[in-house]
$ cat entry.cif   # mmCIF, C-alpha atoms
data_protein
loop_
_atom_site.label_atom_id
_atom_site.label_comp_id
_atom_site.auth_asym_id
_atom_site.auth_seq_id
_atom_site.Cartn_x
_atom_site.Cartn_y
_atom_site.Cartn_z
CA MET A 1 0.00 0.00 0.00
CA TYR A 2 1.01 3.63 -0.55
CA PHE A 3 0.24 6.86 1.26
CA SER A 4 0.40 9.82 -1.09
CA VAL A 5 -0.07 13.57 -0.99
CA ILE A 6 -1.02 15.37 -4.20
CA THR A 7 -0.45 19.14 -4.26
CA PRO A 8 -0.38 21.75 -7.01
CA VAL A 9 2.83 23.03 -8.54
CA ASN A 10 1.02 25.77 -10.44
CA LEU A 11 -1.75 27.06 -8.19
CA ARG A 12 -3.51 29.08 -10.88
CA GLN A 13 -3.79 26.16 -13.30
CA ALA A 14 -4.70 23.80 -10.48
CA ALA A 15 -7.43 26.15 -9.27
CA HIS A 16 -8.83 26.26 -12.80
CA GLU A 17 -8.87 22.44 -12.98
CA MET A 18 -10.53 22.07 -9.60
CA ALA A 19 -13.13 24.73 -10.38
CA GLN A 20 -14.32 22.44 -13.15
CA SER A 21 -14.59 19.44 -10.80
CA ALA A 22 -17.77 18.68 -8.89
CA ALA A 23 -17.68 16.11 -6.07
CA TYR A 24 -17.93 13.00 -8.23
CA ALA A 25 -15.97 14.52 -11.12
CA GLU A 26 -13.16 15.04 -8.61
CA HIS A 27 -13.05 11.29 -8.04
CA GLN A 28 -12.94 10.67 -11.78
CA TRP A 29 -10.13 13.19 -12.10
CA LEU A 30 -8.08 11.30 -9.48
CA TRP A 31 -8.29 8.17 -11.66
CA LYS A 32 -5.85 9.94 -14.00
CA PHE A 33 -3.12 9.36 -11.43
CA PHE A 34 -3.70 5.60 -11.68
CA PRO A 35 -3.32 4.46 -15.32
CA SER A 36 -5.14 1.17 -15.73
CA SER A 37 -7.50 -0.89 -17.84
CA GLN A 38 -11.19 -0.10 -18.10
CA ASP A 39 -12.16 -3.01 -15.84
CA GLN A 40 -9.80 -2.00 -13.02
CA GLN A 41 -11.46 -2.05 -9.62
CA ARG A 42 -11.14 1.12 -7.59
CA ASP A 43 -8.18 0.56 -5.29
CA PHE A 44 -7.75 3.90 -3.54
CA ILE A 45 -9.48 6.07 -0.98
CA PHE A 46 -8.88 9.79 -0.62
CA ARG A 47 -9.66 12.99 1.18
CA ARG A 48 -9.40 16.55 -0.07
CA TYR A 49 -7.96 18.80 2.61
CA ASP A 50 -7.56 22.41 1.49
CA GLN A 51 -5.00 24.65 3.16
CA GLU A 52 -6.41 28.13 2.67
CA VAL A 53 -6.71 28.32 -1.13
CA THR A 54 -4.39 25.40 -1.89
CA PRO A 55 -6.06 22.06 -2.67
CA ARG A 56 -4.35 19.02 -1.16
CA PHE A 57 -5.31 15.37 -1.60
CA TYR A 58 -4.40 12.56 0.78
CA ILE A 59 -4.63 9.11 -0.82
CA VAL A 60 -4.19 5.54 0.38
CA SER A 61 -3.85 3.15 -2.55
CA LYS A 62 -2.66 -0.27 -3.64
CA ARG A 63 -0.79 1.25 -6.57
CA GLU A 64 1.56 4.21 -6.50
CA PRO A 65 -0.02 7.24 -8.20
CA VAL A 66 1.80 8.92 -11.07
CA ALA A 67 1.54 12.61 -11.98
CA PHE A 68 -0.11 12.99 -15.38
CA SER A 69 0.75 16.69 -15.86
CA GLU A 70 3.23 19.28 -14.64
CA VAL A 71 0.47 21.06 -12.73
CA TRP A 72 0.51 18.54 -9.88
CA GLN A 73 3.17 17.07 -7.63
CA VAL A 74 2.82 13.57 -6.18
CA GLN A 75 4.71 12.54 -3.04
CA SER A 76 4.33 8.87 -2.14
CA ARG A 77 5.78 6.45 0.35
CA PRO A 78 5.06 2.81 1.22
CA TYR A 79 2.29 2.66 3.80
CA ALA A 80 2.82 -0.08 6.38
CA PRO A 81 1.81 1.32 9.78
CA GLN A 82 3.41 -0.38 12.77
CA LEU A 83 0.44 -0.97 15.06
CA SER A 84 -0.12 -2.71 18.35
CA ASP A 85 -3.12 -3.30 20.56
CA GLY A 86 -3.45 -0.57 23.18
CA GLN A 87 -1.72 2.04 21.02
CA HIS A 88 -3.05 5.62 21.38
CA LEU A 89 -3.47 7.64 18.19
CA SER A 90 -4.90 10.99 17.19
CA PHE A 91 -7.29 10.81 14.25
CA GLN A 92 -9.17 12.83 11.66
CA LEU A 93 -11.96 11.43 9.54
CA ARG A 94 -14.40 12.71 6.96
CA ALA A 95 -17.29 10.25 6.79
CA ASN A 96 -20.79 9.81 5.43
CA PRO A 97 -22.81 8.68 8.50
CA VAL A 98 -25.90 6.82 7.34
CA ILE A 99 -28.18 4.07 8.55
CA THR A 100 -29.94 1.61 6.28
CA LYS A 101 -33.67 1.00 6.55
CA THR A 102 -36.14 -0.94 4.44
CA ASN A 103 -38.52 1.30 2.50
CA ASP A 104 -42.18 0.68 1.63
CA LYS A 105 -41.13 -1.40 -1.38
CA GLY A 106 -39.00 -3.69 0.75
CA LYS A 107 -35.73 -2.32 -0.57
CA PRO A 108 -32.83 -1.08 1.58
CA GLN A 109 -32.43 2.68 1.63
CA ARG A 110 -29.74 4.81 3.24
CA HIS A 111 -30.65 7.71 5.50
CA ASP A 112 -28.49 10.52 6.86
CA VAL A 113 -28.26 9.86 10.62
CA VAL A 114 -28.93 13.49 11.58
CA MET A 115 -31.95 13.82 9.29
CA ASP A 116 -33.26 10.47 10.51
CA ALA A 117 -32.90 11.55 14.15
CA LYS A 118 -34.70 14.84 13.46
CA LYS A 119 -37.58 13.03 11.78
CA ARG A 120 -37.86 10.53 14.64
CA LEU A 121 -37.91 13.28 17.27
CA LEU A 122 -40.54 15.27 15.38
CA LEU A 123 -42.84 12.25 15.29
CA GLU A 124 -42.18 11.42 18.95
CA HIS A 125 -43.24 14.94 19.91
CA GLY A 126 -46.52 14.82 18.02
CA LEU A 127 -45.63 16.54 14.77
CA THR A 128 -46.74 15.23 11.40
CA GLU A 129 -44.76 13.13 8.93
CA ASP A 130 -44.12 16.13 6.67
CA ALA A 131 -43.16 18.52 9.48
CA THR A 132 -39.79 20.29 9.33
CA TRP A 133 -37.37 21.09 12.14
CA ARG A 134 -38.56 24.71 12.11
CA ASP A 135 -42.10 23.56 12.87
CA TRP A 136 -41.02 22.42 16.34
CA LYS A 137 -41.66 25.57 18.39
CA ARG A 138 -41.66 24.19 21.95
CA ASP A 139 -38.99 24.78 24.57
CA ASP A 140 -38.06 21.08 24.72
CA LYS A 141 -36.57 21.23 21.22
CA PRO A 142 -32.87 20.22 21.41
CA LEU A 143 -30.17 22.40 19.92
CA LEU A 144 -29.28 21.20 16.44
CA TYR A 145 -25.58 21.42 17.35
CA ASP A 146 -26.08 19.02 20.29
CA LEU A 147 -28.20 16.65 18.21
CA THR A 148 -25.57 16.56 15.45
CA GLN A 149 -22.74 15.92 17.90
CA GLN A 150 -24.55 13.12 19.72
CA THR A 151 -26.00 11.41 16.65
CA CYS A 152 -22.79 11.39 14.61
CA LEU A 153 -20.55 10.39 17.51
CA ASP A 154 -22.96 7.56 18.39
CA TRP A 155 -22.74 6.40 14.76
CA LEU A 156 -18.93 6.29 14.87
CA GLN A 157 -18.80 4.70 18.30
CA SER A 158 -21.24 1.96 17.29
CA ARG A 159 -18.89 0.89 14.47
CA SER A 160 -15.54 1.32 16.18
CA ASP A 161 -15.33 -2.13 17.77
CA ARG A 162 -15.56 -4.00 14.46
CA LEU A 163 -13.13 -1.51 12.93
CA GLY A 164 -10.45 -2.34 15.49
CA PHE A 165 -10.48 0.68 17.79
CA SER A 166 -12.28 2.41 20.64
CA ILE A 167 -12.79 6.15 20.98
CA VAL A 168 -11.18 7.98 23.88
CA ALA A 169 -12.46 11.43 22.93
CA ALA A 170 -13.97 12.80 19.74
CA ASN A 171 -15.66 15.84 18.32
CA VAL A 172 -17.74 16.68 15.26
CA ASP A 173 -15.93 19.58 13.61
CA ALA A 174 -18.23 20.04 10.64
CA TYR A 175 -21.49 18.73 9.19
CA GLN A 176 -22.38 19.55 5.60
CA GLN A 177 -25.01 18.53 3.09
CA HIS A 178 -24.04 18.28 -0.58
CA ARG A 179 -25.62 18.05 -4.00
CA ALA A 180 -23.46 16.24 -6.52
CA ASP A 181 -23.95 16.43 -10.26
CA LYS A 182 -24.68 13.04 -11.80
CA GLN A 183 -24.11 14.06 -15.39
CA HIS A 184 -20.73 12.31 -15.36
CA LYS A 185 -21.01 8.60 -15.94
CA GLN A 186 -19.53 6.49 -13.20
CA HIS A 187 -15.99 5.28 -13.82
CA ARG A 188 -14.70 1.75 -14.37
CA ALA A 189 -15.73 -0.61 -11.57
CA ASP A 190 -17.84 2.12 -9.94
CA LYS A 191 -20.35 1.48 -12.73
CA GLN A 192 -21.58 -1.44 -10.67
CA HIS A 193 -23.05 1.04 -8.22
CA LYS A 194 -26.12 3.21 -8.81
CA GLN A 195 -26.52 4.32 -12.39
CA ARG A 196 -27.98 7.70 -13.15
CA ARG A 197 -31.78 7.78 -13.23
CA ALA A 198 -33.60 10.34 -15.34
CA ASP A 199 -35.78 11.45 -12.40
CA LYS A 200 -32.77 12.02 -10.11
CA PRO A 201 -30.18 14.23 -11.81
CA GLU A 202 -28.39 14.83 -8.49
CA ILE A 203 -27.01 12.81 -5.60
CA LEU A 204 -27.74 14.18 -2.13
CA PHE A 205 -25.34 13.21 0.63
CA SER A 206 -23.84 14.53 3.86
CA THR A 207 -20.30 14.63 5.21
CA VAL A 208 -19.13 14.86 8.79
CA ASP A 209 -15.61 15.79 9.88
CA PHE A 210 -14.48 14.06 13.07
CA SER A 211 -11.34 14.52 15.13
CA GLY A 212 -10.17 13.00 18.37
CA GLU A 213 -8.18 10.31 20.13
CA LEU A 214 -8.54 6.54 19.82
CA ILE A 215 -7.05 3.32 21.13
CA VAL A 216 -6.24 0.41 18.84
CA THR A 217 -8.08 -2.65 20.15
CA ASP A 218 -7.39 -5.08 17.30
CA HIS A 219 -4.39 -4.14 15.17
CA GLU A 220 -5.34 -6.48 12.29
CA LEU A 221 -8.84 -5.04 12.00
CA PHE A 222 -7.41 -1.55 12.33
CA HIS A 223 -4.95 -2.19 9.48
CA HIS A 224 -7.92 -3.09 7.28
CA THR A 225 -9.71 0.10 8.36
CA LEU A 226 -6.71 2.27 7.46
CA PHE A 227 -6.40 0.63 4.04
CA HIS A 228 -10.09 0.43 3.10
CA GLY A 229 -11.77 3.27 4.97
CA ILE A 230 -14.95 3.73 6.97
CA GLY A 231 -18.52 3.90 5.70
CA HIS A 232 -19.99 4.87 2.35
CA ALA A 233 -19.46 7.68 -0.20
CA LYS A 234 -15.78 6.92 -0.75
CA ALA A 235 -16.16 8.22 -4.31
CA PHE A 236 -16.90 11.61 -2.74
CA GLY A 237 -13.77 11.70 -0.59
CA CYS A 238 -15.20 10.04 2.52
CA GLY A 239 -13.86 7.22 4.63
CA LEU A 240 -10.10 7.80 4.81
CA LEU A 241 -8.96 7.62 8.45
CA LEU A 242 -5.90 9.80 9.04
CA VAL A 243 -3.92 8.94 12.16
CA LYS A 244 -0.74 9.97 13.93
CA LYS A 245 0.89 9.21 17.25
CA SER A 246 -0.92 10.87 20.10
CA GLU A 247 0.94 13.74 21.74
CA SER A 248 -0.64 13.03 25.14
#

$ encode --input "entry.cif" --output "structure tokens"
Amino acid sequence: MYFSVITPVNLRQAAHEMAQSAAYAEHQWLWKFFPSSQDQQRDFIFRRYDQEVTPRFYIVSKREPVAFSEVWQVQSRPYAPQLSDGQHLSFQLRANPVITKTNDKGKPQRHDVVMDAKKRLLLEHGLTEDATWRDWKRDDKPLLYDLTQQTCLDWLQSRSDRLGFSIVAANVDAYQQHRADKQHKQHRADKQHKQRRADKPEILFSTVDFSGELIVTDHELFHHTLFHGIGHAKAFGCGLLLVKKSES
């Protein structure tokens, strides 16, 4: 495995390229760093992490990425973390927290955990199915900040054991909802996922940025988590768990 950082050499040209890239198109653009056949399975996860106006991409991949133009610089190193049970690490994660429920047609459907919690609370407090969060006028309405923190942290905590770690402390740094253009056909092996439907020209999804401290509880499971990511929406830059030795 490789851990790579992709940064621009020419910021103006890079900014022009990125301005043309929507969320999914960004994923397609990253494929250019991995020359391969049309039937190649996706073998990388990534996160975009801008520093002021400079775009920066962190990537974990099976193959070493190769710069396809002089606009971008690729710095790669073999990625073989030395892990042990009980090890303390600091972490950052951008994830797509969802739960899966069966809809009226008996098919599984993913739901944003915050939106699902809001809907459940509205119904529990006597509001109608089509009520919005603003319709809840009573004093017992929780702060949306508190609801987001609790719901998203519960989601991560509920999955941590099977991912090989336990959370010591964590915080939700950001929660955002996105609309992604589906005009671009899905790339290579990603075609096996949802194909564009005429009645749904956009994909709606949410991202949550977490940070905190964790303890490795199963180093083999945790290796798999570092290499393959957490949750869904990896094509939109979610799932890559960034870790470093804890300073505490």

$ atom_distance --input "entry.cif" --atom1 "CA of Val74 (chain A)" --atom2 "CA of Ser211 (chain A)"
25.6 Å

$ resolve_selection --input "entry.cif" --expression "the PyMOL selection byres ((chain A and resi 114) around 8)" --output "NGL selection string"
:A and (112-113 or 115-118 or 147-148 or 151-152)

$ atom_distance --input "entry.cif" --atom1 "CA of Asp43 (chain A)" --atom2 "CA of Lys62 (chain A)"
5.8 Å

$ resolve_selection --input "entry.cif" --expression "the PyMOL selection byres ((chain A and resi 50) around 12)" --output "number ranges by chain"
A: 5-8, 15, 18, 47-49, 51-58

$ residues_around --input "entry.cif" --residues "Trp31 (chain A)" --least-positions-apart "3" --cutoff "10 Å" --atoms "all atoms listed in the file" --output "list in words"
Ala25, Glu26, His27, Gln28, Phe34, Pro35, Ser36, Arg42, Asp43, Phe44, Pro65, His187 and Arg188 of chain A

$ resolve_selection --input "entry.cif" --expression "the PyMOL selection byres ((chain A and resi 94) around 8)" --output "list of chain:residue names"
A:Arg47, A:Gln92, A:Leu93, A:Ala95, A:Asn96, A:Thr207, A:Val208, A:Asp209, A:Phe210, A:Gly237, A:Cys238, A:Gly239, A:Leu240, A:Leu241

$ closest_residue --input "entry.cif" --among "A:Lys32, A:Arg63, A:Lys105, A:Arg77" --to "Phe3 (chain A)" --atoms "all atoms listed in the file"
A:Arg77

$ closest_residue --input "entry.cif" --among "A:Val216, A:Ala14, A:Ala233, A:Ile167" --to "Ser84 (chain A)" --atoms "all atoms listed in the file"
A:Val216

$ residues_around --input "entry.cif" --residues "Gly212 (chain A)" --least-positions-apart "5" --cutoff "9 Å" --atoms "only C-alpha atoms" --output "PDB file with C-alpha atoms, keeping the file's coordinate frame"
ATOM      1  CA  LEU A  89      -3.470   7.640  18.190  1.00  0.00           C
ATOM      2  CA  SER A  90      -4.900  10.990  17.190  1.00  0.00           C
ATOM      3  CA  PHE A  91      -7.290  10.810  14.250  1.00  0.00           C
ATOM      4  CA  GLN A  92      -9.170  12.830  11.660  1.00  0.00           C
ATOM      5  CA  ILE A 167     -12.790   6.150  20.980  1.00  0.00           C
ATOM      6  CA  VAL A 168     -11.180   7.980  23.880  1.00  0.00           C
ATOM      7  CA  ALA A 169     -12.460  11.430  22.930  1.00  0.00           C
ATOM      8  CA  ALA A 170     -13.970  12.800  19.740  1.00  0.00           C
ATOM      9  CA  ASN A 171     -15.660  15.840  18.320  1.00  0.00           C
ATOM     10  CA  VAL A 172     -17.740  16.680  15.260  1.00  0.00           C
TER      11      VAL A 172
END

$ atom_distance --input "entry.cif" --atom1 "CA of Thr217 (chain A)" --atom2 "CA of Phe165 (chain A)"
4.7 Å

$ build_atoms --input "entry.cif" --residues "region 93-104 of chain A" --atoms "all heavy atoms" --output "PDB file, keeping the file's coordinate frame"
ATOM      1  N   LEU A  93     -11.148  12.246  10.453  1.00  0.00           N
ATOM      2  CA  LEU A  93     -11.960  11.430   9.540  1.00  0.00           C
ATOM      3  C   LEU A  93     -13.055  12.276   8.934  1.00  0.00           C
ATOM      4  O   LEU A  93     -13.740  13.020   9.643  1.00  0.00           O
ATOM      5  CB  LEU A  93     -12.591  10.266  10.324  1.00  0.00           C
ATOM      6  CG  LEU A  93     -13.683   9.460   9.603  1.00  0.00           C
ATOM      7  CD1 LEU A  93     -13.093   8.641   8.455  1.00  0.00           C
ATOM      8  CD2 LEU A  93     -14.414   8.555  10.593  1.00  0.00           C
ATOM      9  N   ARG A  94     -13.205  12.189   7.629  1.00  0.00           N
ATOM     10  CA  ARG A  94     -14.400  12.710   6.960  1.00  0.00           C
ATOM     11  C   ARG A  94     -15.226  11.496   6.539  1.00  0.00           C
ATOM     12  O   ARG A  94     -14.751  10.634   5.803  1.00  0.00           O
ATOM     13  CB  ARG A  94     -14.044  13.546   5.738  1.00  0.00           C
ATOM     14  CG  ARG A  94     -15.272  14.030   4.942  1.00  0.00           C
ATOM     15  CD  ARG A  94     -14.878  15.109   3.954  1.00  0.00           C
ATOM     16  NE  ARG A  94     -14.460  16.304   4.664  1.00  0.00           N
ATOM     17  CZ  ARG A  94     -13.728  17.281   4.111  1.00  0.00           C
ATOM     18  NH1 ARG A  94     -13.328  17.169   2.851  1.00  0.00           N
ATOM     19  NH2 ARG A  94     -13.374  18.342   4.823  1.00  0.00           N
ATOM     20  N   ALA A  95     -16.460  11.433   7.021  1.00  0.00           N
ATOM     21  CA  ALA A  95     -17.290  10.250   6.790  1.00  0.00           C
ATOM     22  C   ALA A  95     -18.683  10.653   6.337  1.00  0.00           C
ATOM     23  O   ALA A  95     -19.072  11.829   6.408  1.00  0.00           O
ATOM     24  CB  ALA A  95     -17.369   9.399   8.060  1.00  0.00           C
ATOM     25  N   ASN A  96     -19.402   9.661   5.878  1.00  0.00           N
ATOM     26  CA  ASN A  96     -20.790   9.810   5.430  1.00  0.00           C
ATOM     27  C   ASN A  96     -21.669   8.953   6.354  1.00  0.00           C
ATOM     28  O   ASN A  96     -21.989   7.816   6.031  1.00  0.00           O
ATOM     29  CB  ASN A  96     -20.913   9.366   3.974  1.00  0.00           C
ATOM     30  CG  ASN A  96     -22.345   9.256   3.484  1.00  0.00           C
ATOM     31  OD1 ASN A  96     -22.751   8.230   2.944  1.00  0.00           O
ATOM     32  ND2 ASN A  96     -23.137  10.291   3.683  1.00  0.00           N
ATOM     33  N   PRO A  97     -22.054   9.483   7.534  1.00  0.00           N
ATOM     34  CA  PRO A  97     -22.810   8.680   8.500  1.00  0.00           C
ATOM     35  C   PRO A  97     -24.257   8.441   8.035  1.00  0.00           C
ATOM     36  O   PRO A  97     -25.047   9.373   7.928  1.00  0.00           O
ATOM     37  CB  PRO A  97     -22.789   9.525   9.779  1.00  0.00           C
ATOM     38  CG  PRO A  97     -21.665  10.490   9.587  1.00  0.00           C
ATOM     39  CD  PRO A  97     -21.644  10.763   8.121  1.00  0.00           C
ATOM     40  N   VAL A  98     -24.558   7.194   7.758  1.00  0.00           N
ATOM     41  CA  VAL A  98     -25.900   6.820   7.340  1.00  0.00           C
ATOM     42  C   VAL A  98     -26.325   5.551   8.074  1.00  0.00           C
ATOM     43  O   VAL A  98     -25.492   4.817   8.596  1.00  0.00           O
ATOM     44  CB  VAL A  98     -25.989   6.564   5.811  1.00  0.00           C
ATOM     45  CG1 VAL A  98     -25.698   7.838   5.035  1.00  0.00           C
ATOM     46  CG2 VAL A  98     -25.049   5.447   5.386  1.00  0.00           C
ATOM     47  N   ILE A  99     -27.620   5.338   8.110  1.00  0.00           N
ATOM     48  CA  ILE A  99     -28.180   4.070   8.550  1.00  0.00           C
ATOM     49  C   ILE A  99     -29.038   3.539   7.409  1.00  0.00           C
ATOM     50  O   ILE A  99     -29.541   4.307   6.593  1.00  0.00           O
ATOM     51  CB  ILE A  99     -29.005   4.204   9.838  1.00  0.00           C
ATOM     52  CG1 ILE A  99     -30.129   5.237   9.657  1.00  0.00           C
ATOM     53  CG2 ILE A  99     -28.112   4.588  11.009  1.00  0.00           C
ATOM     54  CD1 ILE A  99     -31.069   5.307  10.844  1.00  0.00           C
ATOM     55  N   THR A 100     -29.174   2.236   7.346  1.00  0.00           N
ATOM     56  CA  THR A 100     -29.940   1.610   6.280  1.00  0.00           C
ATOM     57  C   THR A 100     -31.248   1.074   6.822  1.00  0.00           C
ATOM     58  O   THR A 100     -31.277   0.352   7.814  1.00  0.00           O
ATOM     59  CB  THR A 100     -29.140   0.460   5.628  1.00  0.00           C
ATOM     60  OG1 THR A 100     -27.897   0.970   5.142  1.00  0.00           O
ATOM     61  CG2 THR A 100     -29.917  -0.152   4.468  1.00  0.00           C
ATOM     62  N   LYS A 101     -32.344   1.471   6.170  1.00  0.00           N
ATOM     63  CA  LYS A 101     -33.670   1.000   6.550  1.00  0.00           C
ATOM     64  C   LYS A 101     -34.367   0.451   5.312  1.00  0.00           C
ATOM     65  O   LYS A 101     -34.032   0.797   4.175  1.00  0.00           O
ATOM     66  CB  LYS A 101     -34.503   2.143   7.136  1.00  0.00           C
ATOM     67  CG  LYS A 101     -33.991   2.690   8.456  1.00  0.00           C
ATOM     68  CD  LYS A 101     -34.925   3.764   8.996  1.00  0.00           C
ATOM     69  CE  LYS A 101     -34.492   4.240  10.374  1.00  0.00           C
ATOM     70  NZ  LYS A 101     -35.416   5.275  10.912  1.00  0.00           N
ATOM     71  N   THR A 102     -35.346  -0.389   5.539  1.00  0.00           N
ATOM     72  CA  THR A 102     -36.140  -0.940   4.440  1.00  0.00           C
ATOM     73  C   THR A 102     -37.296  -0.006   4.136  1.00  0.00           C
ATOM     74  O   THR A 102     -38.049   0.379   5.036  1.00  0.00           O
ATOM     75  CB  THR A 102     -36.691  -2.334   4.807  1.00  0.00           C
ATOM     76  OG1 THR A 102     -35.592  -3.192   5.142  1.00  0.00           O
ATOM     77  CG2 THR A 102     -37.465  -2.932   3.644  1.00  0.00           C
ATOM     78  N   ASN A 103     -37.437   0.379   2.863  1.00  0.00           N
ATOM     79  CA  ASN A 103     -38.520   1.300   2.500  1.00  0.00           C
ATOM     80  C   ASN A 103     -39.825   0.543   2.260  1.00  0.00           C
ATOM     81  O   ASN A 103     -39.909  -0.680   2.460  1.00  0.00           O
ATOM     82  CB  ASN A 103     -38.132   2.129   1.273  1.00  0.00           C
ATOM     83  CG  ASN A 103     -37.878   1.273   0.034  1.00  0.00           C
ATOM     84  OD1 ASN A 103     -38.333   0.124  -0.067  1.00  0.00           O
ATOM     85  ND2 ASN A 103     -37.157   1.833  -0.924  1.00  0.00           N
ATOM     86  N   ASP A 104     -40.853   1.262   1.829  1.00  0.00           N
ATOM     87  CA  ASP A 104     -42.180   0.680   1.630  1.00  0.00           C
ATOM     88  C   ASP A 104     -42.197  -0.417   0.566  1.00  0.00           C
ATOM     89  O   ASP A 104     -43.084  -1.270   0.565  1.00  0.00           O
ATOM     90  CB  ASP A 104     -43.187   1.772   1.239  1.00  0.00           C
ATOM     91  CG  ASP A 104     -43.385   2.796   2.350  1.00  0.00           C
ATOM     92  OD1 ASP A 104     -43.090   2.444   3.516  1.00  0.00           O
ATOM     93  OD2 ASP A 104     -43.800   3.931   2.043  1.00  0.00           O
TER      94      ASP A 104
END
